[in-house]
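Following: one structure in structure tokens, then a few remarks.
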Amino acid sequence: MPKSRRRGGGGNPRGASGAQHRNIQPFSDEDASIETMSHCSGFSDPASSTEDVPEIDEEATQEELEYKLKGLIELTLEKSAKTRQSALESLKNALTSKILYEFILERRMTLTDSIERCIKKGKSDEQRAAAGLACLLCVQLGSGIESEEIFKTLAPVLKKILCDGAASAQARQACATCLGVCCFIATDDITELYSTMECLENIFTKSYQKERNSSGIPSTQNTILHISALLAWTLLLTICPVNEVKKKLEMHLHKFPLLLSCDDVNMRIAAGETLALLFELARETDGDFFYEDMEPLTQKLRALATDGNKHRAKVDKRKQRSVFRDVLRAVEEHDFPTEMVKFGPERMYIDCWVKKQTYDTFKEILGSGMQYHLQSNELLRNVFELGPPLVLDEATLKTMKIPRFERHLYNSAAFKARTKARNKCRDKRTDVGEVF
């Protein structure tokens, strides 16, 4: 997938400097909703009314936000691990809910040093929070030299924790995801890309032999780590040159079916989706691609798509069947069920496995802020080829407004249709996936 070298976000006005960090309150979801109101509340929902939004002094609000963030950055240097972790989580909340390019650009070295220190010396939860914040820094700064500097600084530390069998499985999981995302965004060094992929391969390939960690960590935690490493590796595979893609296909394509027999449903799903993506890449790189073991593979996929084993949880079976129906279509029919994502007045169509893998990764990082970043973040708009962010004036927003009575009729109809579908499901004991 092509990556732009443009910076990943528009700047915000800089506010007052200096902060007494002792009096700073953590950045909460309530702060996020207030701060983003002037940016997206008018068009994040076409039904919202612009007249109902009170006027806000954006400059004063920005100054207050920056005052809080400066205090939180100082708190990441505190001696108390609990204080540092709380500050990291609050910074993550802020970065998922707003574009803060200018603010971060001026303080990127301080933030990078704090993240590096927390990953090196912190415990499991603090390391996870620091790795998550590193991902968001790169998402905010975009595919520029600044993100590359952050990645070069943090990559050795992340790799060390990831390969350390004595480290917390949760911390290693977060480091695997951080390595994949930051490398995807920041690096243009093909050697560093291959080195990162090799590091991730050394983790998830252990699932091929179903090896158990000798340090006594439960196999479930190892499996979660392997899943994160696999998904991060798959993300990086989507930006590899064609020759490297072919090498990776030769190495792994015949081994991935082994993971479909894993006891963990999430590993089976991750392996199935990766397998579909590999087939998609193989057919794009080689028009005459042929897989020798197609018959046993399709039989295995069909069994997972219709799995009815009683010893498995109903939720797991429904989720698995839904995913593997799509995987089977991809392998057998070269087909992908197109999905539509709405954000504000825009729509994005996910029409291939590569795009789905990329979207799922960023959605995992940004959470509820995904739609806002799709609207405003230049990096994401470049990755998904959405073009420059839209600038909507007040007149345009008013034309998008839906009358309250029409909204009421629409919601009532949707409620009745949903109730009928659910009653049908309860009466006939059918699979929810088949109803919808």
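Quick note on naming: the chains in the structure tokens go A, B, ... in the order shown, residues restart at 1 in each chain, and ligands are numbered from 1 in order of appearance.
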
Residues of range 239-419 of chain A in strand (DSSP E or B), written as a PyMOL selection string
chain A and resi 339-343+346-350

Applying 10 Å and only C-alpha atoms, which residues near Thr205 in chain A remain after dropping the ones on its own chain fewer than 5 positions away? List them as an MDAnalysis selection string.
chainID A and resid 200 210:211 226 229:230 252 255:256 259

Only N, CA, C and O atoms, please: the residues just picked out, written as a JSON list (two decimals), in the first residue's frame.
```json
[["chain", "number", "residue", "atom", "x", "y", "z"],
["A", 200, "LEU", "N", 8.97, -10.56, 14.37],
["A", 200, "LEU", "CA", 7.59, -11.00, 14.60],
["A", 200, "LEU", "C", 7.40, -12.46, 14.18],
["A", 200, "LEU", "O", 6.67, -13.21, 14.85],
["A", 210, "LYS", "N", 3.18, -25.77, 18.10],
["A", 210, "LYS", "CA", 2.42, -25.77, 19.36],
["A", 210, "LYS", "C", 3.36, -25.85, 20.56],
["A", 210, "LYS", "O", 3.13, -26.59, 21.52],
["A", 211, "GLU", "N", 4.45, -25.06, 20.49],
["A", 211, "GLU", "CA", 5.42, -25.04, 21.59],
["A", 211, "GLU", "C", 4.83, -24.30, 22.79],
["A", 211, "GLU", "O", 4.06, -23.38, 22.64],
["A", 226, "HIS", "N", 1.05, -14.67, 20.25],
["A", 226, "HIS", "CA", 1.27, -15.13, 18.88],
["A", 226, "HIS", "C", 0.28, -14.48, 17.90],
["A", 226, "HIS", "O", 0.63, -14.16, 16.76],
["A", 229, "ALA", "N", 1.46, -10.90, 17.22],
["A", 229, "ALA", "CA", 2.63, -10.92, 16.34],
["A", 229, "ALA", "C", 2.23, -11.27, 14.91],
["A", 229, "ALA", "O", 2.74, -10.68, 13.95],
["A", 230, "LEU", "N", 1.31, -12.21, 14.77],
["A", 230, "LEU", "CA", 0.84, -12.61, 13.44],
["A", 230, "LEU", "C", 0.14, -11.45, 12.72],
["A", 230, "LEU", "O", 0.40, -11.18, 11.54],
["A", 252, "HIS", "N", 5.37, -19.57, 4.20],
["A", 252, "HIS", "CA", 4.30, -19.69, 5.20],
["A", 252, "HIS", "C", 2.97, -20.22, 4.68],
["A", 252, "HIS", "O", 2.17, -20.72, 5.49],
["A", 255, "LYS", "N", 1.99, -23.61, 5.72],
["A", 255, "LYS", "CA", 2.02, -23.86, 7.17],
["A", 255, "LYS", "C", 0.80, -23.28, 7.89],
["A", 255, "LYS", "O", 0.43, -23.76, 8.96],
["A", 256, "PHE", "N", 0.20, -22.23, 7.32],
["A", 256, "PHE", "CA", -0.91, -21.58, 8.01],
["A", 256, "PHE", "C", -2.10, -22.50, 8.26],
["A", 256, "PHE", "O", -2.79, -22.34, 9.28],
["A", 259, "LEU", "N", -2.56, -23.79, 11.78],
["A", 259, "LEU", "CA", -3.11, -22.93, 12.83],
["A", 259, "LEU", "C", -4.64, -23.00, 12.88],
["A", 259, "LEU", "O", -5.25, -22.57, 13.87]]
```

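When the distance limit is 10 Å and only C-alpha atoms are what count, the residues near range 300-312 of chain A, minus those fewer than 4 positions from it on the same chain, are A:Pro257, A:Leu260, A:Ser261, A:Asp263, A:Val265, A:Arg268, A:Ile269, A:Gly272, A:Met294, A:Glu295, A:Pro296, A:Asp316, A:Lys317, A:Arg318, A:Lys319, A:Gln320, A:Arg321, A:Ser322, A:Val323, A:Phe324, A:Arg325, A:Asp326, A:Val327, A:Leu328, A:Arg329, A:Val331.
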
Out of range 56-210 of chain A, which residues get helix (DSSP H, G or I) from DSSP, as number ranges by chain?
A: 58-75, 81-97, 101-121, 124-141, 145-163, 169-186, 190-207

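When only C-alpha atoms are used to measure the gap to Ala330 in chain A, the shortest distance among A:Leu379, A:Glu273, A:Gly367, A:Leu386 belongs to A:Glu273.
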
Kindly provide the residues of range 311-412 of chain A that approach range 119-140 of chain A to within 10 Å, each paired with its closest atom pair and their distance in Å to one decimal, based on only C-alpha atoms, listed by chain and increasing number, as CSV.
```
residue,atom,partner,partner_atom,distance
A:Phe362,CA,A:Val139,CA,8.9
A:Ile365,CA,A:Gly132,CA,7.3
A:Leu366,CA,A:Leu136,CA,7.8
A:His373,CA,A:Gln140,CA,9.2
A:Asn377,CA,A:Gln140,CA,7.4
A:Glu378,CA,A:Gln140,CA,8.8
A:Leu379,CA,A:Val139,CA,6.9
A:Leu380,CA,A:Val139,CA,8.0
```

Write the residues of the preceding selection, restricted to C-alpha atoms, as an mmCIF file, in the first residue's frame.
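Writing the result to result15.cif gives the following:
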```cif
data_model
loop_
_atom_site.group_PDB
_atom_site.id
_atom_site.type_symbol
_atom_site.label_atom_id
_atom_site.label_comp_id
_atom_site.auth_asym_id
_atom_site.auth_seq_id
_atom_site.Cartn_x
_atom_site.Cartn_y
_atom_site.Cartn_z
ATOM 1 C CA PHE A 362 -6.111 1.176 13.141
ATOM 2 C CA ILE A 365 -5.606 1.415 18.186
ATOM 3 C CA LEU A 366 -7.985 4.359 17.895
ATOM 4 C CA HIS A 373 -9.485 10.354 12.520
ATOM 5 C CA ASN A 377 -6.221 12.656 9.989
ATOM 6 C CA GLU A 378 -4.162 13.035 6.803
ATOM 7 C CA LEU A 379 -2.256 9.793 7.426
ATOM 8 C CA LEU A 380 -5.398 7.656 7.510
#
```

Computed interatomic separation between CA of Asp360 in chain A and CA of Val341 in chain A (Å)
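One can read the CA of Asp360 in chain A to CA of Val341 in chain A distance as 11.7 Å.
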
For Ser114 in chain A, list every protein, DNA or RNA residue within 9 Å, evaluated using only C-alpha atoms, and leave out those in the same chain fewer than 2 positions away; present the list as a PDB file with C-alpha atoms, in the first residue's frame.
```
ATOM      1  CA  ILE A  73       3.560  14.776  30.151  1.00  0.00           C
ATOM      2  CA  THR A  76       4.942  10.468  33.095  1.00  0.00           C
ATOM      3  CA  LEU A  77       8.253  11.253  34.878  1.00  0.00           C
ATOM      4  CA  MET A 109      11.389  14.104  21.924  1.00  0.00           C
ATOM      5  CA  THR A 110      10.154  14.537  25.487  1.00  0.00           C
ATOM      6  CA  LEU A 111       7.276  12.142  24.853  1.00  0.00           C
ATOM      7  CA  THR A 112       9.576   9.616  23.171  1.00  0.00           C
ATOM      8  CA  GLU A 116      11.186   4.653  26.300  1.00  0.00           C
ATOM      9  CA  ARG A 117      11.727   4.995  30.046  1.00  0.00           C
ATOM     10  CA  CYS A 118       8.307   3.536  30.874  1.00  0.00           C
ATOM     11  CA  ILE A 119       8.844   0.549  28.573  1.00  0.00           C
ATOM     12  CA  ALA A 130       3.462   3.305  26.825  1.00  0.00           C
TER      13      ALA A 130
END
```

A:Leu237, A:Ile115, A:Ala60, A:Leu91 ranked by distance to Glu198 in chain A, top pick (using only C-alpha atoms)
A:Leu237

Distance CA of Leu162 in chain A-CA of Asn222 in chain A, one decimal place?
11.8 Å

Near Phe289 in chain A, counting only C-alpha atoms, which residues have an atom at most 12 Å away, once you skip same-chain residues fewer than 2 positions from it, shown as a list in words?
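Near neighbours after the sequence-gap exclusion: Lys246, Leu249, Glu250, Leu278, Phe279, Glu280, Leu281, Ala282, Arg283, Glu284, Thr285, Asp286, Gly287, Tyr291, Glu292, Met294, Val331 and His334 of chain A.
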
Please, could you write that set of residues out with N, CA, C and O atoms as an mmCIF file, in the first residue's frame?
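And here is the file that came out, selection36.cif:
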```cif
data_model
loop_
_atom_site.group_PDB
_atom_site.id
_atom_site.type_symbol
_atom_site.label_atom_id
_atom_site.label_comp_id
_atom_site.auth_asym_id
_atom_site.auth_seq_id
_atom_site.Cartn_x
_atom_site.Cartn_y
_atom_site.Cartn_z
ATOM 1 N N LYS A 246 6.437 -12.858 -2.478
ATOM 2 C CA LYS A 246 6.532 -14.213 -3.014
ATOM 3 C C LYS A 246 7.360 -15.114 -2.102
ATOM 4 O O LYS A 246 7.023 -16.287 -1.884
ATOM 5 N N LEU A 249 5.258 -16.003 0.914
ATOM 6 C CA LEU A 249 4.219 -16.970 0.550
ATOM 7 C C LEU A 249 4.787 -18.377 0.495
ATOM 8 O O LEU A 249 4.174 -19.336 0.980
ATOM 9 N N GLU A 250 5.975 -18.529 -0.085
ATOM 10 C CA GLU A 250 6.609 -19.842 -0.151
ATOM 11 C C GLU A 250 6.936 -20.383 1.234
ATOM 12 O O GLU A 250 6.846 -21.593 1.483
ATOM 13 N N LEU A 278 -3.307 -13.829 2.243
ATOM 14 C CA LEU A 278 -2.191 -14.402 1.495
ATOM 15 C C LEU A 278 -2.632 -14.873 0.109
ATOM 16 O O LEU A 278 -1.915 -14.693 -0.880
ATOM 17 N N PHE A 279 -3.800 -15.492 0.039
ATOM 18 C CA PHE A 279 -4.322 -15.923 -1.256
ATOM 19 C C PHE A 279 -4.580 -14.707 -2.153
ATOM 20 O O PHE A 279 -4.328 -14.756 -3.360
ATOM 21 N N GLU A 280 -5.091 -13.640 -1.562
ATOM 22 C CA GLU A 280 -5.340 -12.423 -2.340
ATOM 23 C C GLU A 280 -4.037 -11.859 -2.898
ATOM 24 O O GLU A 280 -3.958 -11.496 -4.083
ATOM 25 N N LEU A 281 -2.995 -11.788 -2.058
ATOM 26 C CA LEU A 281 -1.700 -11.281 -2.514
ATOM 27 C C LEU A 281 -1.076 -12.207 -3.548
ATOM 28 O O LEU A 281 -0.467 -11.754 -4.523
ATOM 29 N N ALA A 282 -1.218 -13.526 -3.336
ATOM 30 C CA ALA A 282 -0.639 -14.495 -4.268
ATOM 31 C C ALA A 282 -1.246 -14.349 -5.657
ATOM 32 O O ALA A 282 -0.536 -14.405 -6.675
ATOM 33 N N ARG A 283 -2.546 -14.141 -5.714
ATOM 34 C CA ARG A 283 -3.210 -14.016 -7.015
ATOM 35 C C ARG A 283 -2.914 -12.679 -7.681
ATOM 36 O O ARG A 283 -2.934 -12.571 -8.910
ATOM 37 N N GLU A 284 -2.631 -11.645 -6.862
ATOM 38 C CA GLU A 284 -2.267 -10.353 -7.432
ATOM 39 C C GLU A 284 -0.854 -10.375 -8.010
ATOM 40 O O GLU A 284 -0.583 -9.747 -9.039
ATOM 41 N N THR A 285 0.059 -11.097 -7.338
ATOM 42 C CA THR A 285 1.455 -11.130 -7.769
ATOM 43 C C THR A 285 1.703 -12.164 -8.864
ATOM 44 O O THR A 285 2.676 -12.067 -9.607
ATOM 45 N N ASP A 286 0.824 -13.181 -8.953
ATOM 46 C CA ASP A 286 1.003 -14.245 -9.936
ATOM 47 C C ASP A 286 -0.355 -14.635 -10.503
ATOM 48 O O ASP A 286 -1.165 -15.267 -9.817
ATOM 49 N N GLY A 287 -0.589 -14.263 -11.754
ATOM 50 C CA GLY A 287 -1.875 -14.570 -12.379
ATOM 51 C C GLY A 287 -2.133 -16.053 -12.541
ATOM 52 O O GLY A 287 -3.288 -16.481 -12.648
ATOM 53 N N TYR A 291 -2.531 -23.478 -5.881
ATOM 54 C CA TYR A 291 -2.234 -24.051 -4.564
ATOM 55 C C TYR A 291 -2.518 -25.551 -4.618
ATOM 56 O O TYR A 291 -3.648 -25.975 -4.887
ATOM 57 N N GLU A 292 -1.495 -26.351 -4.366
ATOM 58 C CA GLU A 292 -1.593 -27.795 -4.566
ATOM 59 C C GLU A 292 -2.593 -28.462 -3.622
ATOM 60 O O GLU A 292 -3.320 -29.381 -4.016
ATOM 61 N N MET A 294 -5.370 -27.519 -2.314
ATOM 62 C CA MET A 294 -6.610 -26.752 -2.258
ATOM 63 C C MET A 294 -7.776 -27.573 -1.711
ATOM 64 O O MET A 294 -8.581 -27.079 -0.903
ATOM 65 N N VAL A 331 -11.023 -17.951 -0.746
ATOM 66 C CA VAL A 331 -10.125 -18.996 -1.232
ATOM 67 C C VAL A 331 -10.704 -19.688 -2.462
ATOM 68 O O VAL A 331 -9.997 -19.925 -3.447
ATOM 69 N N HIS A 334 -12.448 -16.361 -5.024
ATOM 70 C CA HIS A 334 -11.693 -15.114 -5.204
ATOM 71 C C HIS A 334 -12.589 -13.915 -4.896
ATOM 72 O O HIS A 334 -12.471 -12.854 -5.534
#
```

Find the distance between CA of Pro403 in chain A and CA of Phe415 in chain A and write it in Å to one decimal.
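CA of Phe415 in chain A lies 18.5 Å from CA of Pro403 in chain A.
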
Which is closest to Ser368 in chain A among A:Tyr208, A:Phe343, A:Phe184, A:Phe290, if we use only C-alpha atoms?
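With only C-alpha atoms as the atom set, the closest residue is A:Phe343.
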
Quick one: residues within 12 Å of Glu146 in chain A, only C-alpha atoms counted, chain neighbours fewer than 6 positions away excluded, as a VMD selection string?
chain A and resid 5 to 8 101 to 102 104 to 109 112 137 to 140 152 to 153 182 185 to 187

Among listed residues A:Tyr349, A:Leu75, A:Gly369, A:Tyr67, nearest Ala87 in chain A (using only C-alpha atoms)
A:Leu75
